[in-house]
$ cat data.cif   # mmCIF, C-alpha atoms
data_query
#
loop_
_atom_site.label_atom_id
_atom_site.label_comp_id
_atom_site.auth_asym_id
_atom_site.auth_seq_id
_atom_site.Cartn_x
_atom_site.Cartn_y
_atom_site.Cartn_z
CA MET A 1 0.00 0.00 0.00
CA LYS A 2 1.44 3.39 -1.01
CA PRO A 3 1.95 6.01 1.75
CA ASN A 4 -0.73 8.31 0.31
CA ARG A 5 -3.26 5.48 0.57
CA TYR A 6 -2.37 5.08 4.25
CA LEU A 7 -2.95 8.78 4.74
CA LEU A 8 -6.30 8.66 2.99
CA LYS A 9 -7.36 5.71 5.16
CA ILE A 10 -6.38 7.61 8.31
CA ILE A 11 -8.38 10.66 7.21
CA LEU A 12 -11.41 8.49 6.43
CA ILE A 13 -11.25 6.61 9.74
CA SER A 14 -10.84 9.90 11.60
CA LEU A 15 -14.01 11.26 10.03
CA ILE A 16 -15.90 8.02 10.68
CA LEU A 17 -14.94 8.24 14.36
CA LYS A 18 -16.39 11.75 14.55
CA LEU A 19 -19.62 10.53 13.01
CA GLY A 20 -19.56 7.68 15.51
CA TYR A 21 -19.45 10.14 18.40
CA VAL A 22 -22.42 12.04 16.99
CA GLY A 23 -24.35 8.83 16.41
CA TYR A 24 -23.58 7.43 19.86
CA SER A 25 -24.48 10.61 21.72
CA LEU A 26 -27.77 11.10 19.85
CA THR A 27 -28.71 7.44 20.27
CA TYR A 28 -28.02 7.61 24.00
CA PHE A 29 -30.18 10.70 24.55
CA LYS A 30 -32.92 9.25 22.36
CA LEU A 31 -33.04 5.99 24.33
CA ASN A 32 -32.65 7.55 27.79
CA PRO A 33 -35.45 10.05 28.41
CA GLN A 34 -34.56 10.02 32.13
CA ASN A 35 -31.20 11.67 31.40
CA GLU A 36 -30.91 15.05 33.13
CA ARG A 37 -30.36 16.94 29.88
CA VAL A 38 -33.44 15.38 28.29
CA VAL A 39 -35.54 15.96 31.40
CA LYS A 40 -34.60 19.65 31.52
CA ALA A 41 -35.43 20.06 27.83
CA GLY A 42 -38.76 18.24 28.22
CA SER A 43 -38.12 15.68 25.49
CA PHE A 44 -35.44 14.46 23.12
CA GLU A 45 -36.95 16.55 20.31
CA ASN A 46 -36.86 19.67 22.48
CA LEU A 47 -33.27 18.89 23.41
CA LEU A 48 -32.28 18.92 19.75
CA GLU A 49 -34.07 22.22 19.25
CA LYS A 50 -32.43 23.88 22.24
CA THR A 51 -28.98 22.30 22.11
CA SER A 52 -26.51 22.03 19.26
CA VAL A 53 -25.68 18.49 18.15
CA LEU A 54 -22.05 19.61 18.28
CA GLU A 55 -22.45 20.42 21.96
CA LEU A 56 -24.07 17.07 22.73
CA ALA A 57 -21.30 15.10 21.01
CA PHE A 58 -18.13 17.14 21.45
CA SER A 59 -18.50 19.65 24.32
CA ARG A 60 -18.30 19.02 28.06
CA PHE A 61 -16.44 20.17 31.18
CA ASP A 62 -13.44 22.35 30.13
CA SER A 63 -15.13 23.15 26.83
CA ASP A 64 -17.33 25.60 28.74
CA TRP A 65 -14.23 27.54 29.77
CA TYR A 66 -12.90 27.58 26.23
CA GLN A 67 -16.28 28.87 25.10
CA LYS A 68 -16.12 31.67 27.65
CA ILE A 69 -12.59 32.68 26.58
CA SER A 70 -13.61 32.62 22.92
CA THR A 71 -16.44 35.02 23.82
CA THR A 72 -14.70 37.54 26.10
CA GLY A 73 -11.00 36.89 25.65
CA TYR A 74 -8.79 37.04 28.75
CA GLU A 75 -10.15 40.01 30.68
CA LYS A 76 -8.02 41.84 33.19
CA ILE A 77 -8.73 40.67 36.73
CA GLU A 78 -7.50 41.16 40.28
CA PRO A 79 -5.13 38.57 41.84
CA TRP A 80 -7.72 37.48 44.43
CA GLN A 81 -10.00 36.26 41.63
CA LEU A 82 -7.58 33.46 40.79
CA TYR A 83 -8.09 31.28 43.83
CA PRO A 84 -10.54 30.34 46.60
CA ASN A 85 -11.41 33.28 48.83
CA LYS A 86 -11.30 32.11 52.43
CA LYS A 87 -13.00 35.22 53.82
CA SER A 88 -16.06 35.05 51.58
CA GLY A 89 -16.09 31.27 51.37
CA LYS A 90 -16.40 31.51 47.61
CA ASN A 91 -14.40 29.18 45.41
CA PHE A 92 -13.35 31.21 42.39
CA GLN A 93 -12.49 29.39 39.21
CA SER A 94 -10.68 31.37 36.54
CA TYR A 95 -10.14 30.78 32.84
CA TYR A 96 -6.54 31.83 33.37
CA ALA A 97 -5.99 28.19 34.30
CA PHE A 98 -6.19 27.44 30.56
CA PHE A 99 -3.41 28.24 28.11
CA PRO A 100 -4.42 30.56 25.27
CA LEU A 101 -3.61 28.99 21.91
CA TYR A 102 -6.76 26.89 21.45
CA PRO A 103 -9.42 29.24 22.86
CA LEU A 104 -7.95 32.29 21.10
CA ALA A 105 -7.88 30.35 17.82
CA ALA A 106 -11.59 29.64 18.34
CA LYS A 107 -12.15 33.31 19.15
CA ALA A 108 -10.37 34.36 15.95
CA ILE A 109 -12.70 32.13 13.89
CA ARG A 110 -15.75 33.45 15.75
CA ASP A 111 -14.72 37.06 15.19
CA ALA A 112 -13.97 36.44 11.51
CA THR A 113 -17.12 34.47 10.69
CA GLY A 114 -19.69 35.60 13.26
CA SER A 115 -20.24 31.96 14.27
CA ASP A 116 -20.86 30.57 17.74
CA PHE A 117 -18.28 28.64 19.71
CA TYR A 118 -19.40 25.21 18.49
CA GLN A 119 -19.27 26.22 14.85
CA ALA A 120 -15.82 27.75 15.38
CA ALA A 121 -14.50 24.78 17.34
CA LEU A 122 -15.66 22.22 14.76
CA PRO A 123 -13.16 23.10 11.99
CA LEU A 124 -10.39 23.41 14.57
CA MET A 125 -11.18 19.94 15.86
CA LEU A 126 -11.52 18.37 12.41
CA VAL A 127 -8.30 19.89 11.08
CA PHE A 128 -6.07 19.41 14.10
CA SER A 129 -7.27 15.99 15.27
CA THR A 130 -6.88 14.55 11.77
CA THR A 131 -3.53 16.31 11.32
CA ALA A 132 -2.39 14.88 14.64
CA PHE A 133 -3.16 11.35 13.43
CA LEU A 134 -1.40 11.97 10.11
CA LEU A 135 1.71 13.40 11.76
CA LEU A 136 1.90 10.47 14.17
CA PHE A 137 1.82 8.11 11.18
CA ILE A 138 4.52 10.13 9.40
CA PHE A 139 6.72 10.28 12.51
CA ILE A 140 6.54 6.54 13.21
CA ARG A 141 7.15 5.82 9.52
CA TYR A 142 10.29 7.96 9.59
CA LEU A 143 11.42 6.36 12.83
CA SER A 144 10.78 2.73 11.92
CA THR A 145 10.76 2.83 8.08
CA ASN A 146 7.81 0.45 8.45
CA LYS A 147 4.59 1.78 6.93
CA ASN A 148 2.43 -1.01 8.38
CA LEU A 149 3.79 -0.41 11.87
CA ALA A 150 3.16 3.32 11.51
CA PHE A 151 -0.38 2.70 10.29
CA TYR A 152 -1.34 0.29 13.06
CA THR A 153 0.29 2.46 15.73
CA THR A 154 -1.90 5.30 14.49
CA LEU A 155 -5.01 3.11 14.50
CA ILE A 156 -4.32 1.98 18.06
CA PHE A 157 -3.79 5.61 19.05
CA MET A 158 -7.12 6.58 17.47
CA PHE A 159 -9.01 3.68 19.08
CA PHE A 160 -7.31 3.83 22.49
CA PRO A 161 -9.49 4.16 25.61
CA PHE A 162 -10.14 7.85 26.31
CA GLY A 163 -8.55 8.64 22.95
CA PHE A 164 -11.75 10.46 22.00
CA TYR A 165 -10.46 13.58 23.78
CA ILE A 166 -8.34 14.50 20.79
CA SER A 167 -11.57 14.82 18.82
CA MET A 168 -13.46 16.90 21.38
CA PHE A 169 -13.57 20.68 21.76
CA TYR A 170 -10.43 20.56 23.87
CA SER A 171 -6.80 21.61 23.40
CA GLU A 172 -5.50 18.03 23.01
CA ALA A 173 -5.56 18.06 19.20
CA ILE A 174 -3.56 21.27 18.82
CA PHE A 175 -1.09 20.19 21.50
CA PHE A 176 -0.43 16.78 19.98
CA THR A 177 -0.23 18.17 16.43
CA LEU A 178 2.45 20.64 17.54
CA LEU A 179 4.29 17.96 19.51
CA MET A 180 4.44 15.68 16.49
CA ALA A 181 5.56 18.61 14.32
CA CYS A 182 8.42 19.18 16.79
CA PHE A 183 9.48 15.52 16.75
CA ILE A 184 9.35 15.40 12.95
CA THR A 185 11.32 18.61 12.44
CA ILE A 186 14.01 17.35 14.80
CA TYR A 187 14.12 14.07 12.90
CA LYS A 188 14.40 15.95 9.60
CA ARG A 189 16.98 18.30 11.19
CA LYS A 190 14.89 21.35 10.27
CA MET A 191 15.61 23.31 13.42
CA LEU A 192 14.32 26.65 12.17
CA ALA A 193 10.90 25.10 11.68
CA PHE A 194 11.28 23.39 15.04
CA GLY A 195 11.73 26.76 16.71
CA PHE A 196 8.42 27.98 15.30
CA TRP A 197 6.41 24.89 16.27
CA SER A 198 8.02 24.69 19.71
CA ILE A 199 6.97 28.27 20.55
CA LEU A 200 3.37 27.45 19.67
CA LEU A 201 3.64 24.24 21.71
CA VAL A 202 4.43 26.28 24.83
CA PHE A 203 1.25 28.33 24.37
CA SER A 204 -0.94 25.26 23.80
CA ARG A 205 -0.96 23.65 27.26
CA ALA A 206 0.57 23.95 30.69
CA ASN A 207 2.86 20.99 29.99
CA GLY A 208 4.13 22.50 26.73
CA LEU A 209 7.37 23.80 28.27
CA TYR A 210 8.05 20.42 29.88
CA MET A 211 8.18 18.89 26.40
CA ALA A 212 11.57 20.59 25.94
CA LEU A 213 13.21 17.73 27.87
CA PRO A 214 12.01 14.75 25.77
CA LEU A 215 12.50 16.79 22.60
CA TYR A 216 16.07 17.64 23.64
CA LEU A 217 16.76 13.97 24.34
CA PHE A 218 15.32 13.04 20.96
CA TYR A 219 17.65 15.58 19.34
CA LEU A 220 20.61 13.83 21.00
CA GLU A 221 19.35 10.43 19.87
CA ARG A 222 18.76 11.60 16.32
CA ASN A 223 22.28 13.05 16.10
CA ASN A 224 23.99 10.11 17.86
CA ILE A 225 25.19 12.23 20.76
CA PRO A 226 25.79 9.94 23.75
CA LEU A 227 24.17 11.05 26.97
CA ASN A 228 26.66 9.23 29.18
CA LYS A 229 29.68 11.25 28.04
CA LEU A 230 30.06 14.81 29.28
CA SER A 231 31.00 16.98 26.33
CA PHE A 232 30.23 20.27 24.62
CA ASP A 233 28.05 18.27 22.23
CA LEU A 234 25.50 17.90 25.05
CA ILE A 235 25.39 21.66 25.66
CA LYS A 236 25.47 22.94 22.09
CA PRO A 237 21.94 21.71 21.12
CA ILE A 238 20.38 23.66 24.01
CA ARG A 239 20.45 26.76 21.80
CA HIS A 240 17.56 25.26 19.81
CA PHE A 241 15.38 25.11 22.91
CA TYR A 242 15.83 28.63 24.28
CA LYS A 243 12.86 29.82 22.26
CA MET A 244 10.55 27.66 24.35
CA LEU A 245 11.81 29.28 27.54
CA TRP A 246 11.50 32.77 26.04
CA ALA A 247 7.95 32.03 24.94
CA PHE A 248 7.06 30.85 28.43
CA ALA A 249 8.69 33.91 30.01
CA ALA A 250 6.78 36.19 27.64
CA TYR A 251 3.52 34.49 28.61
CA CYS A 252 4.32 34.92 32.31
CA ILE A 253 4.92 38.64 31.75
CA ILE A 254 1.57 38.94 29.98
CA LEU A 255 -0.12 37.13 32.87
CA TYR A 256 1.49 39.49 35.37
CA PHE A 257 0.08 42.54 33.62
CA ARG A 258 -3.36 40.92 33.21
CA THR A 259 -3.73 39.39 36.67
CA GLY A 260 -0.91 40.61 38.91
CA ASP A 261 0.40 37.03 39.06
CA ALA A 262 3.07 35.81 36.63
CA LEU A 263 2.08 32.22 37.35
CA ALA A 264 -1.66 32.79 37.19
CA PHE A 265 -2.19 29.54 35.23
CA SER A 266 -0.81 27.64 38.21
CA THR A 267 -2.46 29.73 40.93
CA ALA A 268 -5.84 29.34 39.23
CA GLN A 269 -5.63 25.56 39.65
CA LYS A 270 -6.58 26.09 43.30
CA GLY A 271 -10.09 26.82 42.08
CA TRP A 272 -10.30 23.12 41.19
CA TYR A 273 -8.72 22.14 44.54
CA ARG A 274 -5.46 21.28 42.81
CA HIS A 275 -2.19 21.85 44.59
CA ILE A 276 1.43 20.78 44.19
CA SER A 277 1.98 17.42 45.82
CA PHE A 278 4.09 14.30 45.61
CA PRO A 279 2.60 12.43 42.62
CA PHE A 280 1.90 9.10 44.32
CA THR A 281 -0.07 10.74 47.15
CA SER A 282 -2.69 11.68 44.54
CA LEU A 283 -3.59 8.02 44.06
CA PHE A 284 -6.74 6.91 45.92
CA ASN A 285 -6.80 10.21 47.89
CA HIS A 286 -10.58 10.59 47.46
CA HIS A 287 -13.31 8.01 47.91
CA ASN A 288 -15.31 8.80 44.78
CA ILE A 289 -15.43 6.19 42.01
CA ALA A 290 -13.66 8.43 39.48
CA THR A 291 -10.57 8.78 41.68
CA GLN A 292 -10.48 5.04 42.35
CA PHE A 293 -10.86 4.20 38.66
CA HIS A 294 -8.22 6.61 37.39
CA SER A 295 -5.81 5.66 40.18
CA VAL A 296 -5.94 2.01 39.14
CA TYR A 297 -5.69 3.04 35.48
CA ALA A 298 -2.59 5.15 36.17
CA ILE A 299 -0.91 2.35 38.14
CA ILE A 300 -1.46 -0.14 35.31
CA PHE A 301 0.26 2.15 32.81
CA MET A 302 3.05 3.02 35.23
CA LEU A 303 3.81 -0.69 35.52
CA ILE A 304 3.81 -1.02 31.73
CA ALA A 305 6.15 1.99 31.45
CA ILE A 306 8.53 0.42 33.97
CA TYR A 307 8.51 -2.85 32.02
CA CYS A 308 9.22 -1.01 28.75
CA TRP A 309 11.94 1.29 30.12
CA ARG A 310 14.82 -0.55 28.45
CA LYS A 311 12.88 -1.07 25.22
CA TRP A 312 12.08 2.59 24.56
CA LEU A 313 14.19 5.56 23.57
CA ASN A 314 15.12 7.77 26.53
CA SER A 315 13.09 10.57 24.97
CA PHE A 316 9.99 8.36 24.85
CA ASN A 317 10.52 7.26 28.45
CA ILE A 318 10.79 10.82 29.70
CA TYR A 319 7.81 11.95 27.64
CA THR A 320 5.73 9.11 29.10
CA TRP A 321 6.71 9.73 32.70
CA ILE A 322 6.15 13.47 32.42
CA GLY A 323 2.72 12.67 30.98
CA ILE A 324 1.92 10.50 34.00
CA LEU A 325 3.63 12.21 36.93
CA LEU A 326 2.96 15.86 36.04
CA PRO A 327 -0.86 15.66 36.31
CA LEU A 328 -0.56 13.49 39.42
CA SER A 329 1.63 16.19 41.02
CA ALA A 330 -1.43 18.48 41.04
CA GLY A 331 -2.99 16.48 43.85
CA GLN A 332 -5.62 14.58 41.83
CA SER A 333 -5.75 11.41 39.76
CA ILE A 334 -9.00 12.27 37.97
CA ALA A 335 -8.53 12.55 34.17
CA MET A 336 -5.51 10.24 34.04
CA GLY A 337 -7.21 8.29 31.25
CA ARG A 338 -7.30 11.49 29.21
CA PHE A 339 -3.62 12.28 29.81
CA ILE A 340 -2.42 8.73 29.18
CA SER A 341 -4.28 8.55 25.85
CA LEU A 342 -1.72 10.97 24.35
CA LEU A 343 1.31 8.91 25.40
CA PHE A 344 2.02 7.35 22.00
CA PRO A 345 4.89 5.09 23.16
CA PHE A 346 2.23 2.83 24.69
CA GLN A 347 0.43 2.50 21.36
CA LEU A 348 3.72 1.95 19.53
CA GLN A 349 4.67 -0.77 21.98
CA LEU A 350 1.39 -2.60 21.46
CA ALA A 351 1.72 -2.34 17.67
CA THR A 352 5.19 -3.93 17.78
CA SER A 353 4.16 -6.80 20.04
CA ALA A 354 3.88 -10.35 18.74
CA PHE A 355 0.51 -10.60 20.47
CA PHE A 356 -0.88 -7.77 18.35
CA LYS A 357 0.50 -9.26 15.15
CA LYS A 358 -1.24 -12.53 15.96
CA TYR A 359 -4.60 -11.14 17.11
CA LYS A 360 -4.65 -7.84 15.23
CA ILE A 361 -8.33 -7.73 14.25
CA LEU A 362 -9.53 -8.98 17.62
CA LEU A 363 -7.46 -6.41 19.53
CA LEU A 364 -8.52 -3.53 17.31
CA ALA A 365 -12.16 -4.51 17.77
CA GLY A 366 -11.64 -4.68 21.53
CA LEU A 367 -10.00 -1.26 21.54
CA ILE A 368 -12.92 0.25 19.63
CA LEU A 369 -15.35 -1.16 22.21
CA LEU A 370 -13.24 0.24 25.08
CA HIS A 371 -12.92 3.53 23.23
CA PHE A 372 -16.68 4.02 23.02
CA ALA A 373 -17.15 2.65 26.53
CA SER A 374 -14.90 5.46 27.79
CA TYR A 375 -16.72 7.93 25.54
CA HIS A 376 -19.97 6.89 27.24
CA PHE A 377 -18.73 8.45 30.49
CA TRP A 378 -18.19 11.70 28.60
CA VAL A 379 -21.71 11.62 27.15
CA VAL A 380 -23.34 11.07 30.54
CA ASP A 381 -21.25 13.80 32.21
CA SER A 382 -19.56 11.32 34.54
CA GLU A 383 -16.40 12.32 36.41
CA ILE A 384 -14.81 9.16 35.03
CA GLY A 385 -14.98 10.84 31.61
CA PHE A 386 -13.59 14.13 32.91
#
$ encode --input "data.cif" --output "structure tokens"
Amino acid sequence: MKPNRYLLKIILISLILKLGYVGYSLTYFKLNPQNERVVKAGSFENLLEKTSVLELAFSRFDSDWYQKISTTGYEKIEPWQLYPNKKSGKNFQSYYAFFPLYPLAAKAIRDATGSDFYQAALPLMLVFSTTAFLLLFIFIRYLSTNKNLAFYTTLIFMFFPFGFYISMFYSEAIFFTLLMACFITIYKRKMLAFGFWSILLVFSRANGLYMALPLYLFYLERNNIPLNKLSFDLIKPIRHFYKMLWAFAAYCIILYFRTGDALAFSTAQKGWYRHISFPFTSLFNHHNIATQFHSVYAIIFMLIAIYCWRKWLNSFNIYTWIGILLPLSAGQSIAMGRFISLLFPFQLQLATSAFFKKYKILLLAGLILLHFASYHFWVVDSEIGF
């Protein structure tokens, strides 16, 4: 199969998945008149009249904050509005917790077209989620020179449990697209282009700056620079990564002038009862079912990551562990399924396994079932799907 046919198949499957989300969500609300959304609307028909299909399928939780930012932008606020106010007893939540690239892109489309948030977010989601899948395929193909491996790694990534987040009105798609662009430009040794994509990566999510470490390690691996020998060759590549630090510093300065707090994105996390903590203390630290579920889920993938440590590139190991430990260091394990779904070394490992080669169709079918099972929690507004 020629590479362009692989790409066309990925695009087609990506679009079919989106239609699957729409079909699943509408079917659920049609068959469950006792659902809170349907009850409030009066009937399923009324729900469709009052609520956009795009909202029912693709918008929940953080999407509401992105919608607000796309409407008002980041308004200037006082520092006390970033965190819980002990005197008043009010728990303030601020959109400064969210990095600006995705919501401001949606705002730009809204301002240019006069559309609502859902209409603006749809093309962003379609373009960037599909591009993310395509770039993952291209990256793995470069890395392995194996088109089939690249294709099945991408399929597993698309069908992975909680992998639907990359196709929701969230920042995952833009983040992962930019991350893959950074890996590919390093592989192709196009460092000028890398500088551009890496700056945007910093503005996409709070963990964007942390990606400098795995990307730096990948640069060393790509250029055969040994990590265990101290030399100028280890220091020289750092010049390519300064731009990420400058971009982050510039954002902190902007935050200071808008909120009075240079680290407003971090301070605002207190509104969600998040705080810096030792990662493993976040496991099972609440008795609700979502915390229990995601704690077990995180432990399973930590054990897999430990098992695969010697099999993976150092850059992939560090990327994986940052992806697991960083969200846990915020004092909560909820949403670990969402964060783990973007850790492509897991999908690559499964695609290379003899077990997958033997039971390929069966495993892909099982992944699709798990994928939509996890999507169900999103549809019903469950914390497990947060």
$ resolve_selection --input "data.cif" --expression "the PyMOL selection byres ((chain A and resi 252) around 12)" --output "count of residues only"
26
$ closest_atom_pairs --input "data.cif" --of "range 120-208 of chain A" --to "range 58-73 of chain A" --cutoff "12 Å" --atoms "all atoms listed in the file" --output "tab-separated table"
residue	atom	partner	partner_atom	distance
A:Ala120	CA	A:Ser70	CA	9.2
A:Ala121	CA	A:Gln67	CA	9.0
A:Leu122	CA	A:Phe58	CA	8.8
A:Met125	CA	A:Phe58	CA	9.3
A:Leu126	CA	A:Phe58	CA	11.3
A:Phe164	CA	A:Phe58	CA	9.3
A:Tyr165	CA	A:Phe58	CA	8.8
A:Ile166	CA	A:Phe58	CA	10.2
A:Ser167	CA	A:Phe58	CA	7.4
A:Met168	CA	A:Phe58	CA	4.7
A:Phe169	CA	A:Ser59	CA	5.6
A:Tyr170	CA	A:Ser63	CA	6.1
A:Ser171	CA	A:Tyr66	CA	9.0
A:Glu172	CA	A:Asp62	CA	11.5
$ residues_around --input "data.cif" --residues "Trp312 in chain A" --least-positions-apart "4" --cutoff "12 Å" --atoms "only C-alpha atoms" --output "list in words"
Phe218, Glu221, Ile304, Ala305, Ile306, Tyr307, Cys308, Phe316, Asn317, Ile318, Tyr319, Thr320, Phe344, Pro345, Phe346, Leu348, Gln349 and Thr352 of chain A
$ closest_residue --input "data.cif" --among "A:His371, A:Arg189, A:Lys50, A:Lys76" --to "Tyr24 in chain A" --atoms "only C-alpha atoms"
A:His371
$ residues_around --input "data.cif" --residues "range 151-162 of chain A" --least-positions-apart "5" --cutoff "9 Å" --atoms "only C-alpha atoms" --output "VMD selection string"
chain A and resid 6 to 7 10 13 to 14 17 133 to 134 136 to 138 140 to 141 146 337 to 344 346 to 352 364 to 365 367 to 375 385
$ atom_distance --input "data.cif" --atom1 "CA of Phe29 in chain A" --atom2 "CA of Ala335 in chain A"
23.8 Å
$ closest_residue --input "data.cif" --among "A:His240, A:Phe128, A:Leu283, A:Ser43" --to "Met191 in chain A" --atoms "only C-alpha atoms"
A:His240
